[in-house]
Amino acid sequence: MIDFSHRHKSIYVRKVGYILILMFGILLASCNSAEPPLKSIRLSQPESSPENIEIEPLTTITFQVDIPPDTPPGQPIMLSILDEVTGLALNITRMEMQKVGDTTYSITLPFPVGATIKYRYARQDTFTAEEHTTDQRPVRYRIYQVDGPGIVKDVVSNWSDSTYEGSTGRIMGKVSDEITEKPIPNLLVTAGGAQTVTSSQGEYLLEGLPPGLHNLVFYAFDGTYHTYQQGAQVAAQSTTPADIRISPSPLVKLIFTAVVPEGTLPAVPIRLAGNLVQLGNTFADLSGGMNTLASRMPTLTALPDGRYAVQIELPAGAFIQYKYTLGDGFWNAEYTSSGDFRLRSLTVPDENTLIEDQIDNWGSSSNVGPVIFDLAVPATTPEFDTISIQFNPFGWTEPIPMWKLEDNHWVYMLFSPITRIEDFSYRYCRNDQCNRADDALTPGANSSGRLVSISNGTQTVRDTVDAWHWYDPELSGQDTELPEIKPRQEDFMAAVELQSYYHPSFGSRLPVSYKEIKDLGSNWIVMSPTWTFTRQNPPVLEAVTRLDQSWTDLTYSIQKAQAFEFQVALNPAPNFPVEVQEWWSNVTPDFAWWQVWFERYQNFILSFADKAQQEGVDALILGGDWLLPALPGGKLSDGTPSGVPGDAEDRWREIINEVRQRYSGTLIWSLPAEHDGIEPPPFIEDLDQIYLLWSLPLTDQPDVNFTEISKAAAEYMDSEVFLLDISLEMPIILAVAYPSADGGLQNCVHFVQNNEETSCFHPRFLDPPFPDNQNIKHDLDEQSAAYAAILTELNKRQWIDGVVSVGYYLPAALQDKSNSIHGKPAQQILSDWYRAFHPGENSSD
């Protein structure tokens, strides 16, 4: 239950000297005596001190909504106030609205001034029908910024059990900084239940809105810009322009201190979960209806007096909702004394401030819980792996990091919300990668897990993981005898390309993962950021918070790679709602459709060109086999013409020229290798290098024969690849995607179906239970032999300018069926060769 009426703060201000701040152990090194004192806000005051409390000013907001005319009569229409900290699906407050017209409903509620309300509408029947957009996507939420008394008018497109049959319009425009007039990327834009994210140039498009008046809102994920809203009238088959300027918010230092409940273990991490990215909010729809991740939350530090504290810089004026937790926003989070989820709220003051909180309890009652999970893992578990526990009360929720006691011994103590659950399933995994790096006993998305039943008192569950799914250390590879390897020039690319599949949990693993890639001898990392095709007719290609790596996460990934002294390339590509060939087959490729497609693609690639320039990225890769139908003379997978316009060559040259104006680094064209010849596009001379996608199987025989594989690799290099080299006189990089599975998954393309990411790695392609060692060993041996053969033949051909292992799965070593070499024998093969190609760079290892 979300209750804004109890939001309060202290009205007194205390000066806090630097001795006290140092006692907290979190004074920034930059602090000096010229800084202003901290303001103190005590948000959890004892009831005996009412003179210190001031109720935050409240105002009333009226929500008025028009619902579809075909809505079944007599069913209550509900306003759902959402909690993104606990989880959008987990702590919903629903209130029935009053009918004020044939299809119009209304409700008036009090909210504190400055609050940012996230909400949506529902229809209550024997089940709850949630509102959907016109293209049948669930509405995540709408936003309303409370600046004073107001009325917000909304239009529901349709419900989850109906379809939209009417016409639509759109809102599009550009967002700029009010002071600098520069475009603002990475803002969340909402209207009519639809959401999008601004591009590098601050541009946005909300397509498919029903006609009517909508509340158009611009919201910064990190709060660094003031939330802005205005009404926007949308007409059928029309575009409503809305160019906006918004003002930035200055950062202030907040110190959060908390008095913890008696009995809280002193050594366990206490985290701060909140609604901004700095507080662990991913703005993504995660497993089990969650939105925050424990691994992304700031951790408090224990103080000598028994309290905990953390210092964070947050934007002044930002509305934050937060809670303290021993897990995430749902599991092991703090509760009120009355037994409800605690959700605190605060408008960030405009000066440095000390926040004083008291945690009532962690949710367990005197006679139920906690449950202690005591786990032993194999001694062969990779040294720097962490162990996570995942719970399933109504569906698998996001994994939570366990607490390490000693080598191979992990523990987790669960307090809540077990008082409301009789029994539930759980399982273990590595590095938060459940469904992928699982306990061998409970692998895959459909696993029922282990079962625990809740009883009175403290329970201890002792478990042992005997083996990890898709990981057998005996199959990890051994040193092999190498031929004489000719060292290459410094600019020779020895790289891995990361899989396009991304999860917000990857970020916490980057330091370990990049060190592992560095130990391979790699000097480049190729990143594969994505946007998603959310509509097909007309095509809409945009960043989607739950499917695509965010702008800030990509920034962090690039900067962390550069800190490890990698050269970095970006290879952007889209996610598709279905298989890519099917998507292209279902378009209506008239001239107008192609006009929009080229506009959307240009916006997509220019955004990544801007990001590459901004972060000093060394190379940007265009092309790829997914866009073959859009090239001059393009064809569909069945060989029929794609209908691409006759001026496609000119369009591509204009796009490349525009990229050149934005980005000063190396431009590379991704070109698929084919058995029947390699066909570069007619504008290939406008690029700098070729990225040749080699996913061709080198053998169709059941027995792995290195000589045969090596011969096939040599023949292809000396025919097709060499002809390409002499005809273009451009540097050629071999990008090898060779899976460790019979039948091959070489041409697997990342797509999204029913909001579930699918890639060459996704569990859709993994067949639990763990296959017998003999079969998996054969597949891994073939992948190793293929890499050894390609590298051996490449070594004889100095005219090849680089090699890339495509599909590297970053967060965990796995011996699965995918292209990834991480944890497989092919990893050792690649490492031996990469280190020999650049012996000087690896001599100190």
# chains A, B, ... in the order shown; residues from 1 in each chain; ligands from 1

call {"tool": "select_by_dssp", "arguments": {"residues": "stretch 599-651 of chain A", "states": "strand (DSSP E)", "output": "list in words"}}
result
Ala619, Leu620, Ile621, Leu622 and Gly623 of chain A

call {"tool": "select_by_dssp", "arguments": {"residues": "stretch 291-471 of chain A", "states": "helix (DSSP H, G or I)", "output": "ChimeraX atom specification"}}
result
/A:294-296,418-420

call {"tool": "closest_residue", "arguments": {"among": "A:Trp593, A:Tyr691, A:Phe683, A:Tyr428", "to": "A:Leu622", "atoms": "only C-alpha atoms"}}
result
A:Tyr691

call {"tool": "residues_around", "arguments": {"residues": "stretch 122-128 of chain A", "least_positions_apart": "4", "cutoff": "12 Å", "atoms": "only C-alpha atoms", "output": "count of residues only"}}
result
33

call {"tool": "closest_residue", "arguments": {"among": "A:Tyr834, A:Leu300, A:Tyr121, A:Glu782", "to": "A:Asn523", "atoms": "only C-alpha atoms"}}
result
A:Tyr834

call {"tool": "closest_atom_pairs", "arguments": {"of": "stretch 52-169 of chain A", "to": "stretch 316-331 of chain A", "cutoff": "9 Å", "atoms": "only C-alpha atoms", "output": "CSV"}}
result
residue,atom,partner,partner_atom,distance
A:Asp83,CA,A:Gln321,CA,8.7
A:Glu84,CA,A:Gly329,CA,8.7
A:Val85,CA,A:Gly329,CA,5.4
A:Thr86,CA,A:Gly329,CA,4.3
A:Gly87,CA,A:Gly329,CA,7.0
A:Leu90,CA,A:Phe330,CA,7.9
A:Gly114,CA,A:Phe319,CA,6.5
A:Ala115,CA,A:Phe319,CA,5.7
A:Thr116,CA,A:Phe319,CA,6.2

call {"tool": "residues_around", "arguments": {"residues": "A:Val175", "least_positions_apart": "4", "cutoff": "10 Å", "atoms": "only C-alpha atoms", "output": "list in words"}}
result
Glu181, Lys182, Pro183, Ile184, Pro185, Leu187, Val189, Thr198, Ser199, Gln201, Gly202, Glu203, Tyr204, Phe218, Ala242, Asp243, Ile244, Arg245 and Ile246 of chain A

call {"tool": "write_last_selection", "arguments": {"atoms": "N, CA, C and O atoms", "output": "compact mmCIF listing (two decimals), in the first residue's frame"}}
result
# COMPACT_ATOMS: atom_id res chain seq x y z
N GLU A 181 20.99 24.83 -24.64
CA GLU A 181 20.29 24.59 -25.90
C GLU A 181 20.78 23.34 -26.62
O GLU A 181 20.44 23.11 -27.77
N LYS A 182 21.55 22.50 -25.94
CA LYS A 182 22.02 21.24 -26.53
C LYS A 182 20.92 20.18 -26.40
O LYS A 182 20.13 20.19 -25.45
N PRO A 183 20.87 19.24 -27.35
CA PRO A 183 19.87 18.17 -27.26
C PRO A 183 20.13 17.29 -26.03
O PRO A 183 21.27 17.12 -25.61
N ILE A 184 19.07 16.71 -25.51
CA ILE A 184 19.17 15.85 -24.32
C ILE A 184 18.83 14.41 -24.71
O ILE A 184 17.68 14.11 -25.04
N PRO A 185 19.81 13.52 -24.67
CA PRO A 185 19.52 12.11 -24.94
C PRO A 185 19.02 11.40 -23.69
O PRO A 185 19.12 11.92 -22.57
N LEU A 187 16.12 10.56 -22.29
CA LEU A 187 14.99 10.95 -21.46
C LEU A 187 13.83 10.02 -21.75
O LEU A 187 13.58 9.65 -22.90
N VAL A 189 10.05 9.51 -22.37
CA VAL A 189 8.94 10.33 -22.86
C VAL A 189 7.69 9.46 -22.84
O VAL A 189 7.71 8.33 -23.37
N THR A 198 14.50 9.40 -25.72
CA THR A 198 15.07 10.33 -26.69
C THR A 198 16.41 9.82 -27.23
O THR A 198 17.18 9.18 -26.53
N SER A 199 16.66 10.14 -28.50
CA SER A 199 17.89 9.73 -29.16
C SER A 199 19.03 10.66 -28.78
O SER A 199 18.88 11.58 -27.97
N GLN A 201 20.21 13.01 -30.34
CA GLN A 201 19.89 14.39 -30.72
C GLN A 201 18.64 14.90 -30.01
O GLN A 201 18.07 15.91 -30.41
N GLY A 202 18.23 14.19 -28.97
CA GLY A 202 17.06 14.61 -28.20
C GLY A 202 15.74 14.38 -28.91
O GLY A 202 14.70 14.87 -28.45
N GLU A 203 15.75 13.62 -30.00
CA GLU A 203 14.53 13.42 -30.79
C GLU A 203 13.73 12.24 -30.25
O GLU A 203 14.29 11.28 -29.72
N TYR A 204 12.42 12.33 -30.41
CA TYR A 204 11.55 11.26 -29.94
C TYR A 204 10.35 11.13 -30.86
O TYR A 204 10.00 12.04 -31.61
N PHE A 218 8.10 14.36 -19.83
CA PHE A 218 9.52 14.12 -20.06
C PHE A 218 10.18 13.91 -18.70
O PHE A 218 10.13 14.78 -17.84
N ALA A 242 6.05 18.69 -30.95
CA ALA A 242 6.26 19.20 -29.59
C ALA A 242 7.75 19.27 -29.30
O ALA A 242 8.35 18.29 -28.85
N ASP A 243 8.35 20.42 -29.61
CA ASP A 243 9.75 20.66 -29.26
C ASP A 243 9.78 21.32 -27.88
O ASP A 243 9.08 22.31 -27.64
N ILE A 244 10.61 20.79 -26.99
CA ILE A 244 10.57 21.16 -25.59
C ILE A 244 11.96 21.55 -25.11
O ILE A 244 12.97 20.97 -25.54
N ARG A 245 12.01 22.53 -24.21
CA ARG A 245 13.24 22.84 -23.49
C ARG A 245 12.99 22.64 -22.00
O ARG A 245 11.99 23.12 -21.47
N ILE A 246 13.89 21.91 -21.35
CA ILE A 246 13.72 21.67 -19.92
C ILE A 246 15.00 22.05 -19.19
O ILE A 246 16.09 22.12 -19.76

call {"tool": "residues_around", "arguments": {"residues": "stretch 657-665 of chain A", "least_positions_apart": "6", "cutoff": "8 Å", "atoms": "only C-alpha atoms", "output": "number ranges by chain"}}
result
A: 605-606, 609-610, 612-613, 617-620

call {"tool": "write_last_selection", "arguments": {"atoms": "N, CA and C atoms", "output": "PDB file, in the first residue's frame"}}
result
ATOM      1  N   ILE A 605      21.326   4.704 -36.369  1.00  0.00           N
ATOM      2  CA  ILE A 605      22.776   4.610 -36.530  1.00  0.00           C
ATOM      3  C   ILE A 605      23.462   5.921 -36.160  1.00  0.00           C
ATOM      4  N   LEU A 606      22.794   7.057 -36.365  1.00  0.00           N
ATOM      5  CA  LEU A 606      23.401   8.335 -35.983  1.00  0.00           C
ATOM      6  C   LEU A 606      23.482   8.483 -34.472  1.00  0.00           C
ATOM      7  N   ALA A 609      26.523   6.684 -33.655  1.00  0.00           N
ATOM      8  CA  ALA A 609      27.677   7.455 -34.137  1.00  0.00           C
ATOM      9  C   ALA A 609      28.000   8.578 -33.150  1.00  0.00           C
ATOM     10  N   ASP A 610      26.954   9.240 -32.654  1.00  0.00           N
ATOM     11  CA  ASP A 610      27.168  10.296 -31.657  1.00  0.00           C
ATOM     12  C   ASP A 610      27.768   9.724 -30.377  1.00  0.00           C
ATOM     13  N   ALA A 612      29.566   7.002 -30.116  1.00  0.00           N
ATOM     14  CA  ALA A 612      30.940   6.601 -30.413  1.00  0.00           C
ATOM     15  C   ALA A 612      31.880   7.804 -30.382  1.00  0.00           C
ATOM     16  N   GLN A 613      31.437   8.915 -30.947  1.00  0.00           N
ATOM     17  CA  GLN A 613      32.261  10.125 -30.945  1.00  0.00           C
ATOM     18  C   GLN A 613      32.415  10.669 -29.519  1.00  0.00           C
ATOM     19  N   VAL A 617      35.205   6.128 -29.066  1.00  0.00           N
ATOM     20  CA  VAL A 617      35.214   4.755 -29.569  1.00  0.00           C
ATOM     21  C   VAL A 617      36.049   4.682 -30.843  1.00  0.00           C
ATOM     22  N   ASP A 618      36.791   3.595 -31.012  1.00  0.00           N
ATOM     23  CA  ASP A 618      37.776   3.504 -32.096  1.00  0.00           C
ATOM     24  C   ASP A 618      37.164   3.142 -33.439  1.00  0.00           C
ATOM     25  N   ALA A 619      36.053   2.400 -33.445  1.00  0.00           N
ATOM     26  CA  ALA A 619      35.455   1.978 -34.720  1.00  0.00           C
ATOM     27  C   ALA A 619      33.950   1.828 -34.551  1.00  0.00           C
ATOM     28  N   LEU A 620      33.246   2.082 -35.631  1.00  0.00           N
ATOM     29  CA  LEU A 620      31.798   1.917 -35.683  1.00  0.00           C
ATOM     30  C   LEU A 620      31.484   0.991 -36.849  1.00  0.00           C
TER      31      LEU A 620
END

call {"tool": "atom_distance", "arguments": {"atom1": "atom CA of A:Tyr144", "atom2": "atom CA of A:Glu207"}}
result
20.1 Å

call {"tool": "atom_distance", "arguments": {"atom1": "atom CA of A:Ala220", "atom2": "atom CA of A:Asp66"}}
result
27.8 Å

call {"tool": "residues_around", "arguments": {"residues": "stretch 284-292 of chain A", "least_positions_apart": "4", "cutoff": "10 Å", "atoms": "only C-alpha atoms", "output": "number ranges by chain"}}
result
A: 83-91, 140, 273-277, 279-280, 296-297, 328-330, 391-399, 503-504, 544-550, 755

call {"tool": "write_last_selection", "arguments": {"atoms": "N, CA and C atoms", "output": "tab-separated table (two decimals), in the first residue's frame"}}
result
chain	number	residue	atom	x	y	z
A	83	ASP	N	4.22	1.14	-7.68
A	83	ASP	CA	5.42	1.23	-6.85
A	83	ASP	C	6.56	0.58	-7.62
A	84	GLU	N	7.43	1.39	-8.22
A	84	GLU	CA	8.52	0.85	-9.05
A	84	GLU	C	9.70	0.38	-8.21
A	85	VAL	N	9.70	0.66	-6.92
A	85	VAL	CA	10.79	0.22	-6.05
A	85	VAL	C	10.56	-1.22	-5.61
A	86	THR	N	9.36	-1.50	-5.11
A	86	THR	CA	9.01	-2.88	-4.76
A	86	THR	C	8.86	-3.71	-6.03
A	87	GLY	N	8.24	-3.13	-7.05
A	87	GLY	CA	7.99	-3.80	-8.32
A	87	GLY	C	6.65	-3.37	-8.87
A	88	LEU	N	6.61	-3.05	-10.15
A	88	LEU	CA	5.38	-2.54	-10.75
A	88	LEU	C	4.21	-3.51	-10.61
A	89	ALA	N	4.49	-4.81	-10.52
A	89	ALA	CA	3.42	-5.80	-10.42
A	89	ALA	C	3.19	-6.26	-8.99
A	90	LEU	N	3.91	-5.69	-8.01
A	90	LEU	CA	3.95	-6.32	-6.68
A	90	LEU	C	3.31	-5.50	-5.57
A	91	ASN	N	3.14	-4.23	-5.71
A	91	ASN	CA	2.59	-3.42	-4.61
A	91	ASN	C	1.67	-2.35	-5.18
A	140	ARG	N	3.13	0.15	-19.43
A	140	ARG	CA	3.99	0.04	-18.24
A	140	ARG	C	3.48	1.01	-17.18
A	273	ALA	N	17.38	0.89	-1.85
A	273	ALA	CA	16.65	0.68	-3.10
A	273	ALA	C	15.77	1.89	-3.36
A	274	GLY	N	15.74	2.35	-4.62
A	274	GLY	CA	14.94	3.53	-4.91
A	274	GLY	C	14.50	3.60	-6.36
A	275	ASN	N	13.84	4.71	-6.69
A	275	ASN	CA	13.19	4.83	-8.00
A	275	ASN	C	14.04	5.50	-9.06
A	276	LEU	N	15.28	5.89	-8.75
A	276	LEU	CA	16.20	6.44	-9.74
A	276	LEU	C	17.27	5.41	-10.07
A	277	VAL	N	17.96	5.60	-11.20
A	277	VAL	CA	18.99	4.64	-11.58
A	277	VAL	C	20.10	4.57	-10.54
A	279	LEU	N	19.79	4.46	-7.55
A	279	LEU	CA	19.30	3.67	-6.41
A	279	LEU	C	18.86	2.27	-6.84
A	280	GLY	N	19.34	1.83	-8.00
A	280	GLY	CA	19.11	0.46	-8.41
A	280	GLY	C	17.93	0.23	-9.31
A	296	ARG	N	22.77	-3.51	-8.24
A	296	ARG	CA	22.95	-2.13	-8.71
A	296	ARG	C	22.65	-1.09	-7.63
A	297	MET	N	22.29	-1.53	-6.46
A	297	MET	CA	21.92	-0.60	-5.39
A	297	MET	C	23.14	-0.16	-4.59
A	328	ASP	N	16.39	-7.08	-2.18
A	328	ASP	CA	16.05	-6.12	-3.24
A	328	ASP	C	14.81	-5.35	-2.80
A	329	GLY	N	14.06	-4.80	-3.74
A	329	GLY	CA	12.91	-4.01	-3.38
A	329	GLY	C	11.74	-4.81	-2.85
A	330	PHE	N	11.76	-6.13	-3.05
A	330	PHE	CA	10.68	-7.00	-2.60
A	330	PHE	C	11.13	-7.95	-1.49
A	391	PHE	N	14.13	-16.86	-5.89
A	391	PHE	CA	12.90	-17.35	-5.27
A	391	PHE	C	11.75	-17.34	-6.26
A	392	ASN	N	10.79	-18.26	-6.02
A	392	ASN	CA	9.65	-18.39	-6.91
A	392	ASN	C	8.36	-18.57	-6.09
A	393	PRO	N	7.77	-17.45	-5.64
A	393	PRO	CA	6.51	-17.56	-4.91
A	393	PRO	C	5.30	-17.58	-5.84
A	394	PHE	N	5.45	-16.96	-7.03
A	394	PHE	CA	4.36	-16.86	-8.01
A	394	PHE	C	4.93	-16.81	-9.42
A	395	GLY	N	6.18	-17.11	-9.56
A	395	GLY	CA	6.97	-16.97	-10.78
A	395	GLY	C	8.37	-16.58	-10.35
A	396	TRP	N	9.38	-16.96	-11.13
A	396	TRP	CA	10.76	-16.66	-10.74
A	396	TRP	C	11.00	-15.16	-10.69
A	397	THR	N	11.49	-14.68	-9.56
A	397	THR	CA	11.86	-13.27	-9.40
A	397	THR	C	13.35	-13.12	-9.68
A	398	GLU	N	13.85	-11.90	-9.58
A	398	GLU	CA	15.27	-11.67	-9.89
A	398	GLU	C	16.18	-12.29	-8.82
A	399	PRO	N	17.33	-12.84	-9.23
A	399	PRO	CA	18.27	-13.42	-8.25
A	399	PRO	C	18.81	-12.36	-7.30
A	503	HIS	N	21.42	-7.86	-20.09
A	503	HIS	CA	20.59	-7.78	-18.89
A	503	HIS	C	21.23	-6.77	-17.96
A	504	PRO	N	20.45	-5.98	-17.24
A	504	PRO	CA	21.05	-4.97	-16.35
A	504	PRO	C	21.99	-5.54	-15.30
A	544	VAL	N	14.13	0.58	-26.13
A	544	VAL	CA	13.10	0.12	-25.22
A	544	VAL	C	13.77	-0.25	-23.90
A	545	THR	N	13.28	0.33	-22.81
A	545	THR	CA	13.99	0.20	-21.53
A	545	THR	C	14.10	-1.25	-21.07
A	546	ARG	N	13.15	-2.08	-21.40
A	546	ARG	CA	13.21	-3.44	-20.89
A	546	ARG	C	13.95	-4.40	-21.82
A	547	LEU	N	14.35	-3.94	-22.98
A	547	LEU	CA	14.96	-4.84	-23.96
A	547	LEU	C	16.35	-4.42	-24.41
A	548	ASP	N	16.66	-3.14	-24.35
A	548	ASP	CA	17.91	-2.63	-24.92
A	548	ASP	C	18.79	-2.03	-23.82
A	549	GLN	N	20.10	-2.20	-23.99
A	549	GLN	CA	21.04	-1.62	-23.04
A	549	GLN	C	20.85	-0.11	-23.00
A	550	SER	N	20.76	0.44	-21.81
A	550	SER	CA	20.49	1.87	-21.68
A	550	SER	C	21.70	2.70	-22.09
A	755	ASN	N	7.76	-10.27	-25.21
A	755	ASN	CA	8.59	-9.56	-24.24
A	755	ASN	C	9.71	-10.41	-23.65

call {"tool": "closest_residue", "arguments": {"among": "A:Glu674, A:Arg342, A:Gln562, A:Asp222", "to": "A:Glu720", "atoms": "only C-alpha atoms"}}
result
A:Glu674

call {"tool": "atom_distance", "arguments": {"atom1": "atom CA of A:Arg535", "atom2": "atom CA of A:Pro577"}}
result
8.7 Å

call {"tool": "residues_around", "arguments": {"residues": "A:Arg420", "least_positions_apart": "5", "cutoff": "12 Å", "atoms": "only C-alpha atoms", "output": "list of chain:residue names"}}
result
A:Gly339, A:Asp340, A:Gly363, A:Ser364, A:Ser365, A:Val368, A:Gly369, A:Pro393, A:Phe415, A:Ser453, A:Ile454, A:Ser455

call {"tool": "write_last_selection", "arguments": {"atoms": "N, CA, C and O atoms", "output": "PDB file, in the first residue's frame"}}
result
ATOM      1  N   GLY A 339       3.203  -3.994   9.540  1.00  0.00           N
ATOM      2  CA  GLY A 339       3.359  -5.167   8.692  1.00  0.00           C
ATOM      3  C   GLY A 339       3.166  -4.926   7.215  1.00  0.00           C
ATOM      4  O   GLY A 339       3.000  -5.890   6.456  1.00  0.00           O
ATOM      5  N   ASP A 340       3.199  -3.665   6.755  1.00  0.00           N
ATOM      6  CA  ASP A 340       3.064  -3.356   5.336  1.00  0.00           C
ATOM      7  C   ASP A 340       4.437  -3.058   4.730  1.00  0.00           C
ATOM      8  O   ASP A 340       5.393  -2.715   5.429  1.00  0.00           O
ATOM      9  N   GLY A 363      10.417  -7.507   8.363  1.00  0.00           N
ATOM     10  CA  GLY A 363       9.228  -8.192   7.874  1.00  0.00           C
ATOM     11  C   GLY A 363       8.924  -9.513   8.513  1.00  0.00           C
ATOM     12  O   GLY A 363       7.859 -10.079   8.283  1.00  0.00           O
ATOM     13  N   SER A 364       9.827 -10.065   9.323  1.00  0.00           N
ATOM     14  CA  SER A 364       9.542 -11.349   9.957  1.00  0.00           C
ATOM     15  C   SER A 364       8.792 -11.114  11.262  1.00  0.00           C
ATOM     16  O   SER A 364       8.944 -10.084  11.914  1.00  0.00           O
ATOM     17  N   SER A 365       7.958 -12.059  11.628  1.00  0.00           N
ATOM     18  CA  SER A 365       7.220 -11.959  12.882  1.00  0.00           C
ATOM     19  C   SER A 365       7.946 -12.730  13.971  1.00  0.00           C
ATOM     20  O   SER A 365       8.942 -13.415  13.721  1.00  0.00           O
ATOM     21  N   VAL A 368       7.539 -16.597  13.045  1.00  0.00           N
ATOM     22  CA  VAL A 368       7.802 -17.122  11.707  1.00  0.00           C
ATOM     23  C   VAL A 368       9.121 -16.555  11.188  1.00  0.00           C
ATOM     24  O   VAL A 368       9.295 -15.339  11.124  1.00  0.00           O
ATOM     25  N   GLY A 369      10.033 -17.456  10.825  1.00  0.00           N
ATOM     26  CA  GLY A 369      11.276 -17.038  10.210  1.00  0.00           C
ATOM     27  C   GLY A 369      12.298 -16.544  11.209  1.00  0.00           C
ATOM     28  O   GLY A 369      12.047 -16.482  12.404  1.00  0.00           O
ATOM     29  N   PRO A 393       7.774 -17.455  -5.635  1.00  0.00           N
ATOM     30  CA  PRO A 393       6.507 -17.555  -4.907  1.00  0.00           C
ATOM     31  C   PRO A 393       5.298 -17.584  -5.841  1.00  0.00           C
ATOM     32  O   PRO A 393       4.257 -18.139  -5.509  1.00  0.00           O
ATOM     33  N   PHE A 415      14.047 -13.045   5.567  1.00  0.00           N
ATOM     34  CA  PHE A 415      13.103 -12.589   6.577  1.00  0.00           C
ATOM     35  C   PHE A 415      11.686 -12.396   6.017  1.00  0.00           C
ATOM     36  O   PHE A 415      10.699 -12.676   6.681  1.00  0.00           O
ATOM     37  N   SER A 453       9.049 -25.266   2.755  1.00  0.00           N
ATOM     38  CA  SER A 453       7.779 -24.972   3.414  1.00  0.00           C
ATOM     39  C   SER A 453       8.070 -24.177   4.674  1.00  0.00           C
ATOM     40  O   SER A 453       8.977 -24.514   5.447  1.00  0.00           O
ATOM     41  N   ILE A 454       7.289 -23.121   4.898  1.00  0.00           N
ATOM     42  CA  ILE A 454       7.517 -22.235   6.022  1.00  0.00           C
ATOM     43  C   ILE A 454       6.872 -22.805   7.276  1.00  0.00           C
ATOM     44  O   ILE A 454       5.711 -23.215   7.268  1.00  0.00           O
ATOM     45  N   SER A 455       7.633 -22.853   8.369  1.00  0.00           N
ATOM     46  CA  SER A 455       7.117 -23.293   9.656  1.00  0.00           C
ATOM     47  C   SER A 455       7.494 -22.269  10.717  1.00  0.00           C
ATOM     48  O   SER A 455       8.221 -21.308  10.443  1.00  0.00           O
TER      49      SER A 455
END
